[in-house]
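Novice: See query24.txt below, with compact mmCIF, C-alpha atoms.
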# COMPACT_ATOMS: atom_id res chain seq x y z
CA MET A 1 17.09 14.24 -18.62
CA ALA A 2 20.02 14.74 -20.95
CA GLN A 3 20.74 12.07 -23.51
CA SER A 4 24.41 12.07 -22.51
CA LYS A 5 23.62 11.07 -18.92
CA SER A 6 25.20 7.85 -17.73
CA PHE A 7 23.12 4.75 -17.16
CA SER A 8 23.36 5.33 -13.40
CA GLY A 9 21.52 8.63 -13.84
CA ARG A 10 18.47 6.68 -14.91
CA ASP A 11 18.59 4.07 -12.15
CA MET A 12 15.21 3.75 -10.47
CA GLY A 13 13.46 2.35 -7.44
CA ILE A 14 10.02 0.81 -7.80
CA ASP A 15 7.48 0.35 -5.04
CA LEU A 16 5.48 -2.38 -6.79
CA GLY A 17 2.42 -2.25 -4.58
CA THR A 18 -0.88 -4.10 -4.68
CA ALA A 19 -2.84 -0.84 -4.91
CA ASN A 20 -0.34 1.65 -6.38
CA THR A 21 3.04 1.60 -8.10
CA LEU A 22 5.49 4.41 -7.34
CA VAL A 23 8.71 5.00 -9.29
CA TRP A 24 11.71 6.92 -7.99
CA VAL A 25 14.32 8.03 -10.55
CA ARG A 26 17.84 8.79 -9.39
CA GLY A 27 18.35 12.52 -9.00
CA ARG A 28 14.68 13.33 -9.63
CA GLY A 29 12.72 11.71 -6.77
CA VAL A 30 9.24 10.20 -7.16
CA VAL A 31 8.20 10.81 -10.76
CA LEU A 32 5.29 8.39 -11.08
CA ASN A 33 2.47 7.32 -8.76
CA GLU A 34 -0.30 5.36 -10.45
CA PRO A 35 -2.72 2.54 -9.55
CA SER A 36 -1.50 -1.00 -10.26
CA VAL A 37 -4.32 -1.69 -12.73
CA VAL A 38 -4.30 -2.74 -16.39
CA ALA A 39 -7.33 -2.69 -18.72
CA VAL A 40 -7.13 -5.51 -21.27
CA ASN A 41 -9.21 -6.39 -24.32
CA ALA A 42 -10.34 -9.97 -23.64
CA ASP A 43 -10.79 -10.69 -27.36
CA ASP A 44 -7.19 -10.21 -28.50
CA GLY A 45 -5.31 -9.68 -25.22
CA SER A 46 -4.19 -6.16 -26.11
CA VAL A 47 -3.58 -3.60 -23.36
CA LEU A 48 -5.98 -0.67 -23.60
CA SER A 49 -4.86 1.44 -20.66
CA VAL A 50 -2.59 1.29 -17.61
CA GLY A 51 -2.64 3.07 -14.26
CA SER A 52 -5.10 5.86 -13.50
CA GLU A 53 -7.03 5.46 -16.75
CA ALA A 54 -7.42 1.73 -16.16
CA LYS A 55 -8.59 2.22 -12.56
CA GLU A 56 -11.47 4.38 -13.76
CA THR A 57 -12.78 1.36 -15.69
CA ILE A 58 -13.01 -1.00 -12.67
CA GLY A 59 -16.58 -2.25 -12.41
CA ARG A 60 -17.63 -0.22 -15.45
CA THR A 61 -16.31 -2.22 -18.40
CA PRO A 62 -18.22 -4.01 -21.18
CA SER A 63 -17.89 -7.79 -21.42
CA ASN A 64 -14.90 -7.68 -23.78
CA ILE A 65 -12.79 -5.40 -21.56
CA VAL A 66 -11.33 -6.60 -18.27
CA ALA A 67 -9.67 -4.43 -15.61
CA ILE A 68 -6.91 -6.55 -14.06
CA ARG A 69 -4.89 -5.97 -10.90
CA PRO A 70 -1.74 -8.05 -11.53
CA MET A 71 -0.55 -7.66 -7.94
CA ARG A 72 -2.35 -9.57 -5.21
CA ASP A 73 -1.28 -9.78 -1.56
CA GLY A 74 1.92 -7.89 -2.39
CA VAL A 75 3.18 -10.35 -5.00
CA ILE A 76 2.67 -10.96 -8.72
CA ALA A 77 -0.58 -12.81 -9.43
CA ASP A 78 -0.57 -12.36 -13.23
CA PHE A 79 2.99 -12.46 -14.54
CA GLU A 80 2.30 -11.38 -18.13
CA ILE A 81 0.13 -8.41 -17.15
CA ALA A 82 2.61 -7.37 -14.43
CA GLU A 83 5.43 -7.39 -16.99
CA ARG A 84 3.37 -5.24 -19.38
CA MET A 85 2.50 -2.84 -16.59
CA LEU A 86 6.14 -2.50 -15.54
CA ARG A 87 7.24 -2.03 -19.14
CA HIS A 88 4.65 0.75 -19.54
CA PHE A 89 5.74 2.56 -16.36
CA ILE A 90 9.46 2.26 -17.13
CA LYS A 91 8.93 3.51 -20.68
CA LYS A 92 6.78 6.37 -19.37
CA VAL A 93 9.57 7.43 -17.02
CA THR A 94 12.58 6.96 -19.33
CA GLY A 95 10.87 7.96 -22.58
CA ASN A 96 11.90 6.38 -25.88
CA ARG A 97 15.64 6.62 -25.31
CA ARG A 98 17.69 4.12 -27.16
CA PHE A 99 19.73 1.74 -24.98
CA SER A 100 17.88 2.95 -21.89
CA ARG A 101 18.13 -0.05 -19.58
CA PRO A 102 18.14 1.20 -15.99
CA ARG A 103 19.26 -0.60 -12.87
CA VAL A 104 16.14 -1.19 -10.81
CA VAL A 105 15.56 -1.71 -7.07
CA VAL A 106 12.16 -3.28 -6.35
CA CYS A 107 10.38 -3.61 -3.00
CA VAL A 108 9.06 -7.05 -2.02
CA PRO A 109 7.21 -8.33 1.09
CA SER A 110 9.36 -9.76 3.86
CA GLY A 111 7.55 -13.10 3.57
CA ILE A 112 8.27 -13.54 -0.14
CA THR A 113 8.99 -17.07 -1.40
CA GLY A 114 11.74 -18.06 -3.79
CA VAL A 115 9.29 -18.50 -6.66
CA GLU A 116 7.70 -15.09 -6.05
CA ARG A 117 11.16 -13.54 -5.80
CA ARG A 118 12.20 -14.93 -9.18
CA ALA A 119 8.90 -13.77 -10.70
CA VAL A 120 9.60 -10.16 -9.65
CA ILE A 121 13.18 -10.26 -10.99
CA GLU A 122 12.12 -11.81 -14.30
CA ALA A 123 9.20 -9.40 -14.77
CA ALA A 124 11.43 -6.36 -14.17
CA SER A 125 14.17 -7.77 -16.42
CA GLN A 126 11.77 -8.41 -19.28
CA ALA A 127 10.31 -4.94 -18.77
CA GLY A 128 13.70 -3.42 -19.62
CA ALA A 129 15.88 -3.44 -16.49
CA ARG A 130 19.54 -4.35 -16.97
CA ALA A 131 19.93 -5.37 -13.32
CA VAL A 132 17.31 -6.02 -10.65
CA HIS A 133 17.83 -5.84 -6.89
CA LEU A 134 15.23 -6.52 -4.22
CA VAL A 135 14.72 -4.78 -0.88
CA GLU A 136 12.27 -5.87 1.78
CA GLU A 137 9.34 -3.50 2.21
CA PRO A 138 9.67 -2.95 5.98
CA MET A 139 13.34 -2.06 5.53
CA ALA A 140 12.51 0.41 2.74
CA ALA A 141 9.65 1.84 4.83
CA ALA A 142 11.95 2.33 7.82
CA ILE A 143 14.57 4.08 5.67
CA GLY A 144 11.88 6.29 4.10
CA ALA A 145 10.47 7.16 7.53
CA GLY A 146 13.90 8.33 8.67
CA LEU A 147 14.51 5.61 11.26
CA PRO A 148 18.15 4.90 12.26
CA VAL A 149 18.23 1.43 10.68
CA SER A 150 22.05 1.18 10.72
CA GLU A 151 22.45 1.89 14.44
CA PRO A 152 22.60 -0.81 17.15
CA THR A 153 19.17 0.12 18.47
CA GLY A 154 15.75 -1.40 17.90
CA CYS A 155 13.27 0.22 15.51
CA MET A 156 9.82 -1.18 14.79
CA VAL A 157 7.90 -0.37 11.64
CA VAL A 158 4.41 -1.48 10.58
CA ASP A 159 3.83 -0.98 6.85
CA ILE A 160 0.14 -1.42 5.95
CA GLY A 161 -0.22 -1.53 2.19
CA GLY A 162 -2.95 -2.72 -0.13
CA GLY A 163 -2.32 -6.46 0.00
CA THR A 164 0.00 -7.11 2.96
CA THR A 165 0.86 -5.72 6.37
CA GLU A 166 4.59 -5.90 7.04
CA VAL A 167 5.72 -5.81 10.66
CA ALA A 168 9.45 -5.78 11.37
CA VAL A 169 11.99 -5.02 14.08
CA ILE A 170 15.19 -3.60 12.59
CA SER A 171 18.64 -3.16 14.13
CA LEU A 172 22.17 -2.75 12.73
CA GLY A 173 21.00 -2.65 9.14
CA GLY A 174 19.13 -5.94 9.32
CA ILE A 175 15.67 -7.31 10.09
CA VAL A 176 15.77 -9.08 13.46
CA THR A 177 12.24 -10.46 13.30
CA ALA A 178 9.45 -9.90 10.80
CA ARG A 179 5.93 -10.98 10.06
CA SER A 180 3.98 -10.56 6.82
CA VAL A 181 0.21 -10.99 6.96
CA ARG A 182 -2.11 -10.82 3.98
CA THR A 183 -4.51 -8.48 5.74
CA ALA A 184 -4.34 -4.83 4.72
CA GLY A 185 -6.24 -2.24 2.69
CA ASP A 186 -7.85 -4.72 0.30
CA ALA A 187 -9.07 -6.84 3.21
CA MET A 188 -10.63 -3.74 4.76
CA ASP A 189 -12.46 -2.96 1.52
CA ALA A 190 -13.66 -6.57 1.31
CA ALA A 191 -14.88 -6.40 4.93
CA ILE A 192 -16.95 -3.29 4.13
CA ILE A 193 -18.43 -4.93 1.02
CA SER A 194 -19.31 -8.04 3.04
CA TYR A 195 -20.88 -6.02 5.88
CA VAL A 196 -23.10 -3.94 3.57
CA LYS A 197 -24.15 -7.07 1.69
CA LYS A 198 -24.96 -8.98 4.88
CA GLU A 199 -26.72 -6.20 6.80
CA TYR A 200 -28.53 -4.38 4.00
CA ALA A 201 -28.57 -6.83 1.05
CA LEU A 202 -26.87 -4.09 -0.99
CA ALA A 203 -24.15 -4.89 -3.51
CA ILE A 204 -21.37 -2.28 -3.82
CA GLY A 205 -18.08 -2.28 -5.71
CA GLU A 206 -14.44 -1.97 -4.66
CA ARG A 207 -14.25 1.75 -5.46
CA THR A 208 -17.31 2.53 -3.33
CA ALA A 209 -15.91 0.49 -0.45
CA GLU A 210 -12.64 2.41 -0.67
CA GLU A 211 -14.51 5.73 -0.60
CA ILE A 212 -16.37 4.61 2.52
CA LYS A 213 -13.10 3.59 4.19
CA LEU A 214 -11.42 6.90 3.37
CA SER A 215 -14.38 9.00 4.47
CA ILE A 216 -15.72 7.42 7.67
CA GLY A 217 -13.49 4.40 8.31
CA SER A 218 -11.84 4.19 11.73
CA ALA A 219 -10.18 1.72 14.08
CA ALA A 220 -11.10 3.52 17.32
CA PRO A 221 -13.76 6.07 18.37
CA THR A 222 -11.09 8.76 18.66
CA GLY A 223 -8.08 9.67 16.60
CA LYS A 224 -6.45 12.66 14.94
CA TRP A 225 -6.73 13.49 11.28
CA THR A 226 -3.63 13.21 9.13
CA ALA A 227 -2.99 15.64 6.27
CA ALA A 228 -3.68 12.89 3.73
CA GLY A 229 -6.82 11.91 5.63
CA LEU A 230 -8.10 15.49 5.53
CA ALA A 231 -7.45 15.65 1.80
CA ALA A 232 -9.34 12.38 1.28
CA VAL A 233 -12.36 13.66 3.22
CA ALA A 234 -12.32 16.95 1.28
CA ARG A 235 -12.44 14.98 -1.98
CA GLN A 236 -15.32 12.85 -0.74
CA LEU A 237 -17.32 15.86 0.45
CA GLU A 238 -16.92 17.46 -2.98
CA LYS A 239 -18.43 14.35 -4.56
CA HIS A 240 -21.08 13.77 -1.87
CA PRO A 241 -21.93 17.03 -0.04
CA GLU A 242 -24.92 15.30 1.55
CA ALA A 243 -22.48 13.16 3.57
CA ASP A 244 -21.20 16.15 5.54
CA GLY A 245 -21.91 15.75 9.23
CA GLY A 246 -21.63 19.49 9.79
CA GLY A 247 -18.09 19.55 11.21
CA ASP A 248 -14.93 21.10 9.82
CA PRO A 249 -12.17 18.48 9.47
CA GLU A 250 -9.50 21.13 10.08
CA GLU A 251 -11.00 21.90 13.51
CA THR A 252 -11.90 18.38 14.62
CA GLN A 253 -9.59 16.09 16.59
CA GLY A 254 -12.17 13.55 17.78
CA LEU A 255 -14.37 11.20 15.80
CA LEU A 256 -14.94 11.72 12.15
CA PRO A 257 -16.55 14.66 10.47
CA PRO A 258 -18.62 13.46 8.66
CA ASP A 259 -19.91 10.67 10.89
CA ARG A 260 -22.09 9.21 8.12
CA PHE A 261 -21.77 8.60 4.41
CA THR A 262 -24.32 8.09 1.62
CA ILE A 263 -23.68 5.32 -0.90
CA ARG A 264 -25.43 3.93 -3.95
CA GLY A 265 -25.55 0.29 -4.93
CA ARG A 266 -27.79 -2.49 -6.24
CA ASP A 267 -30.48 -3.95 -4.01
CA GLN A 268 -30.03 -7.73 -4.13
CA VAL A 269 -33.71 -8.33 -3.40
CA SER A 270 -35.34 -6.08 -6.01
CA GLY A 271 -32.34 -5.80 -8.34
CA LEU A 272 -32.86 -2.03 -8.52
CA PRO A 273 -30.47 0.82 -7.63
CA LYS A 274 -30.74 1.92 -4.01
CA THR A 275 -29.35 4.70 -1.81
CA LEU A 276 -28.15 3.93 1.73
CA GLU A 277 -26.65 5.96 4.56
CA LEU A 278 -23.92 4.35 6.68
CA THR A 279 -22.54 5.58 10.01
CA ALA A 280 -18.96 5.67 11.24
CA ASP A 281 -19.83 3.27 14.08
CA GLU A 282 -21.07 0.68 11.57
CA ILE A 283 -17.93 0.88 9.46
CA ARG A 284 -15.71 0.66 12.54
CA HIS A 285 -17.56 -2.54 13.44
CA ALA A 286 -17.15 -3.83 9.87
CA LEU A 287 -13.38 -3.17 10.01
CA SER A 288 -12.89 -4.84 13.39
CA GLU A 289 -11.73 -8.19 11.97
CA PRO A 290 -8.92 -6.92 9.69
CA VAL A 291 -7.84 -4.40 12.34
CA ASP A 292 -7.71 -7.20 14.95
CA ALA A 293 -5.50 -9.23 12.57
CA ILE A 294 -3.06 -6.33 12.25
CA VAL A 295 -2.95 -5.83 16.04
CA MET A 296 -2.29 -9.56 16.50
CA ALA A 297 0.57 -9.50 13.96
CA VAL A 298 2.23 -6.63 15.82
CA ARG A 299 1.72 -8.40 19.15
CA GLN A 300 3.25 -11.65 17.87
CA THR A 301 6.24 -9.81 16.39
CA LEU A 302 6.86 -8.08 19.72
CA ASP A 303 6.67 -11.47 21.42
CA GLU A 304 9.56 -12.68 19.21
CA THR A 305 11.70 -9.57 19.80
CA PRO A 306 14.83 -9.83 22.01
CA PRO A 307 14.41 -8.08 25.39
CA GLU A 308 17.04 -5.38 24.73
CA LEU A 309 15.38 -4.35 21.50
CA SER A 310 11.96 -4.41 23.19
CA GLY A 311 13.24 -1.75 25.57
CA ASP A 312 14.36 0.40 22.63
CA ILE A 313 10.94 0.06 21.03
CA MET A 314 9.28 1.14 24.27
CA ASP A 315 11.39 4.32 24.17
CA ARG A 316 11.15 5.07 20.44
CA GLY A 317 7.66 3.77 19.78
CA ILE A 318 6.23 1.99 16.74
CA VAL A 319 6.10 3.81 13.39
CA LEU A 320 3.16 3.26 11.02
CA THR A 321 3.65 3.63 7.26
CA GLY A 322 1.66 2.78 4.14
CA GLY A 323 -1.85 3.79 3.12
CA GLY A 324 -3.40 1.80 5.97
CA ALA A 325 -1.64 4.09 8.46
CA LEU A 326 -4.14 6.77 7.41
CA LEU A 327 -7.05 4.83 8.94
CA ARG A 328 -8.29 7.11 11.71
CA GLY A 329 -7.64 5.89 15.22
CA LEU A 330 -5.37 2.99 14.23
CA ASP A 331 -2.45 4.51 16.11
CA VAL A 332 -4.70 5.03 19.14
CA ARG A 333 -5.96 1.45 18.99
CA LEU A 334 -2.46 -0.05 18.72
CA SER A 335 -1.09 2.15 21.51
CA ARG A 336 -3.99 1.20 23.79
CA GLU A 337 -3.72 -2.53 23.04
CA LEU A 338 0.09 -2.76 23.33
CA ASP A 339 0.81 0.03 25.85
CA ILE A 340 3.55 1.36 23.53
CA PRO A 341 3.74 4.79 21.85
CA VAL A 342 2.61 4.58 18.19
CA LEU A 343 3.45 7.27 15.63
CA VAL A 344 2.30 7.79 12.05
CA ALA A 345 5.11 8.70 9.63
CA ASP A 346 5.02 12.18 8.11
CA GLU A 347 4.33 10.92 4.56
CA PRO A 348 3.16 7.33 5.12
CA LEU A 349 2.05 6.77 1.50
CA ASP A 350 5.51 7.57 0.14
CA CYS A 351 7.76 5.99 2.78
CA VAL A 352 8.45 2.77 0.88
CA ALA A 353 9.13 4.62 -2.38
CA VAL A 354 11.39 7.13 -0.64
CA GLY A 355 13.29 4.32 1.10
CA THR A 356 13.71 2.49 -2.19
CA GLY A 357 14.91 5.73 -3.78
CA ARG A 358 17.54 6.18 -1.10
CA CYS A 359 18.80 2.68 -1.86
CA VAL A 360 19.16 3.84 -5.47
CA GLU A 361 20.84 7.12 -4.58
CA ASP A 362 23.30 5.52 -2.11
CA PHE A 363 23.56 2.16 -3.84
CA ALA A 364 27.13 1.40 -2.77
CA LYS A 365 26.45 2.32 0.87
CA LEU A 366 23.14 0.48 1.18
CA LYS A 367 23.90 -2.49 -1.08
CA THR A 368 24.09 -4.80 1.94
CA LEU A 369 20.38 -4.17 2.57
CA LEU A 370 19.38 -5.37 -0.91
CA ASP A 371 18.66 -8.72 -2.54
CA ALA A 372 16.17 -9.92 0.06
CA GLN A 373 16.15 -13.69 0.48
CA PRO A 374 13.11 -15.86 1.31
CA ARG A 375 12.41 -16.24 5.04
CA LEU A 376 11.44 -19.32 6.96
CA PRO A 377 7.66 -19.83 7.27
CA ALA A 378 7.88 -19.49 11.07
CA SER A 379 8.76 -15.81 10.76
CA GLY A 380 6.97 -15.20 7.49
CA ARG A 381 3.32 -15.13 6.51
CA LEU A 382 0.37 -16.05 8.66
Please express the file's structure as structure tokens.
Specialist:
Amino acid sequence: MAQSKSFSGRDMGIDLGTANTLVWVRGRGVVLNEPSVVAVNADDGSVLSVGSEAKETIGRTPSNIVAIRPMRDGVIADFEIAERMLRHFIKKVTGNRRFSRPRVVVCVPSGITGVERRAVIEAASQAGARAVHLVEEPMAAAIGAGLPVSEPTGCMVVDIGGGTTEVAVISLGGIVTARSVRTAGDAMDAAIISYVKKEYALAIGERTAEEIKLSIGSAAPTGKWTAAGLAAVARQLEKHPEADGGGDPEETQGLLPPDRFTIRGRDQVSGLPKTLELTADEIRHALSEPVDAIVMAVRQTLDETPPELSGDIMDRGIVLTGGGALLRGLDVRLSRELDIPVLVADEPLDCVAVGTGRCVEDFAKLKTLLDAQPRLPASGRL
């Protein structure tokens, strides 16, 4: 970007997620997508790596190096590390330009508290932003998914991220009712870890649990593959060809090919490495609790929705965004439980970042949607 560009040319939107951080730069689109992980030297507190490099170290570090995820449940859990991570990402995007202090729009959960809100603003300010604005994640997700948020009609979006699931009904540029539950991708990984430990006395790490979820995880016995889901399975089959169930993902619309997955972990009885084969049915059973929590959150939000907007939602359906939307069969399960059409957004992983970017691009027009305020507990977290 030219040095003579105005400050507004460097304005950016940040999807500060529990699992990944995406950065949108005005006029350039999404320019950064990296894991929200920082590797720190425990001896002197220095940052060794950030993002993709740091994620590779999770579960594989010596005692003096710690891989930290500063975002938990959609909010900042470690302020200092979050500020360093943001500073690194902003510097990586803007380069070493002098006086480069962009205006930043940051996504936050709809159930954010006042303290958590101030923490996000302060972290972004100390990381180099000259002005910080907040937008609620379900609103950004709806904008990114192309829903008519400014029209007097009801739209329902379910954004399933790493730490939180955001459910919201939107009409006339505002959130009518919303619910934020701390059950999402991380809870699914934890459920898989717990199941394998309980049933097979095998200890596995977060990365292995995520691989299992991507490869054979499902919320219902049937469900179509998404493009991102196919890509995830292709990556897993390259790493573990023995996990192939013999089907071609491109030709399969039913249950998962493969229907089983081979993992390696530590046997808690003998303490030795062990290989284990898991089936798709087992993992679907392991994921039943977090999936039930998401279904309940959607049901309760619908229960609080005004009748006129409920009719609009029946016509338009519910839109799923976020990485959790890629869980096979989740749309089928929600549609069956609620008797409402459920659609997965075209690019669910990028919806929040794209929505945030549009707030940056059309700042004057969409300014009324920014600066999210804390909500009452009754309509906030569970």
Novice: How far is it from atom CA of Asp259 of chain A to atom CA of Ser335 of chain A, in Å with one decimal?
Specialist: 23.2 Å
Novice: Of the candidates A:Gly173, A:Gly323, A:Pro70, A:Gly217, which one gets nearest to Val37 of chain A if we count all atoms listed in the file?
Specialist: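 Ranking A:Gly173, A:Gly323, A:Pro70, A:Gly217 by distance to Val37 of chain A, first place goes to A:Pro70.
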Novice: Could you state the separation of atom CA of Glu277 of chain A and atom CA of Glu210 of chain A in Å, given to one decimal place?
Specialist: 15.4 Å
Novice: Have a look at A:Thr305, A:Ser310, A:Ser171, A:Thr165 and name the one nearest to Val291 of chain A; count only C-alpha atoms.
Specialist: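 With only C-alpha atoms as the atom set, the closest residue is A:Thr165.
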Novice: Leu172 of chain A: which residues within 8 Å, counting all atoms listed in the file, same-chain residues fewer than 5 positions away excluded, as a CSV table (one decimal) with C-alpha atoms, in the frame of the given file?
Specialist:
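Dumped to selection-v4.csv:
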chain,number,residue,atom,x,y,z
A,149,VAL,CA,18.2,1.4,10.7
A,150,SER,CA,22.0,1.2,10.7
A,151,GLU,CA,22.4,1.9,14.4
A,152,PRO,CA,22.6,-0.8,17.2
A,153,THR,CA,19.2,0.1,18.5
Novice: Just the number, please: distance in Å from atom CA of Ile212 of chain A to atom CA of Glu166 of chain A, one decimal.
Specialist: 23.9 Å
Novice: Considering only C-alpha atoms, return as a list in words whatever protein or nucleic-acid residues lie within 7 Å of segment 116-129 of chain A, sequence-local ones (same chain, fewer than 6 positions apart) excluded.
Specialist: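 So, after excluding close chain neighbours, the residues are Val75, Phe79, Ala82, Glu83, Arg84, Leu86, Arg87, Arg101, Pro102, Arg103 and Val104 of chain A.
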Novice: Let me make sure I understand: among A:Leu334, A:Leu32, A:Ala190, A:Ile65, which one has the smallest atom-to-atom distance to Arg299 of chain A if we use all atoms listed in the file?
Specialist: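 For Arg299 of chain A, the nearest of the candidates is A:Leu334.
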Novice: Here is a test: counting only C-alpha atoms, which residue of A:Thr21, A:Gln268, A:Thr301, A:Thr356 is nearest to Lys198 of chain A?
Specialist: A:Gln268
Novice: Which is closest to Asp267 of chain A among A:Ala201, A:Leu370, A:Leu327, A:Ala219, if we use all atoms listed in the file?
Specialist: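 Closest candidate: A:Ala201.
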Novice: Out of A:Gly51, A:Gly144, A:Pro348, A:Gly205, which residue has the shortest atom-to-atom distance to Ile160 of chain A when counting only C-alpha atoms?
Specialist: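 Smallest distance to Ile160 of chain A is found for A:Pro348.
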Novice: Please identify all polymer residues within 8 Å of Ile340 of chain A, counting all atoms listed in the file, omitting same-chain residues fewer than 6 positions from it, and present them as number ranges by chain.
Specialist: A: 313-314, 317-318, 334
Novice: Could the residues in this selection be saved with C-alpha atoms as a compact mmCIF listing (two decimals), keeping the file's coordinate frame?
Specialist:
# COMPACT_ATOMS: atom_id res chain seq x y z
CA ILE A 313 10.94 0.06 21.03
CA MET A 314 9.28 1.14 24.27
CA GLY A 317 7.66 3.77 19.78
CA ILE A 318 6.23 1.99 16.74
CA LEU A 334 -2.46 -0.05 18.72
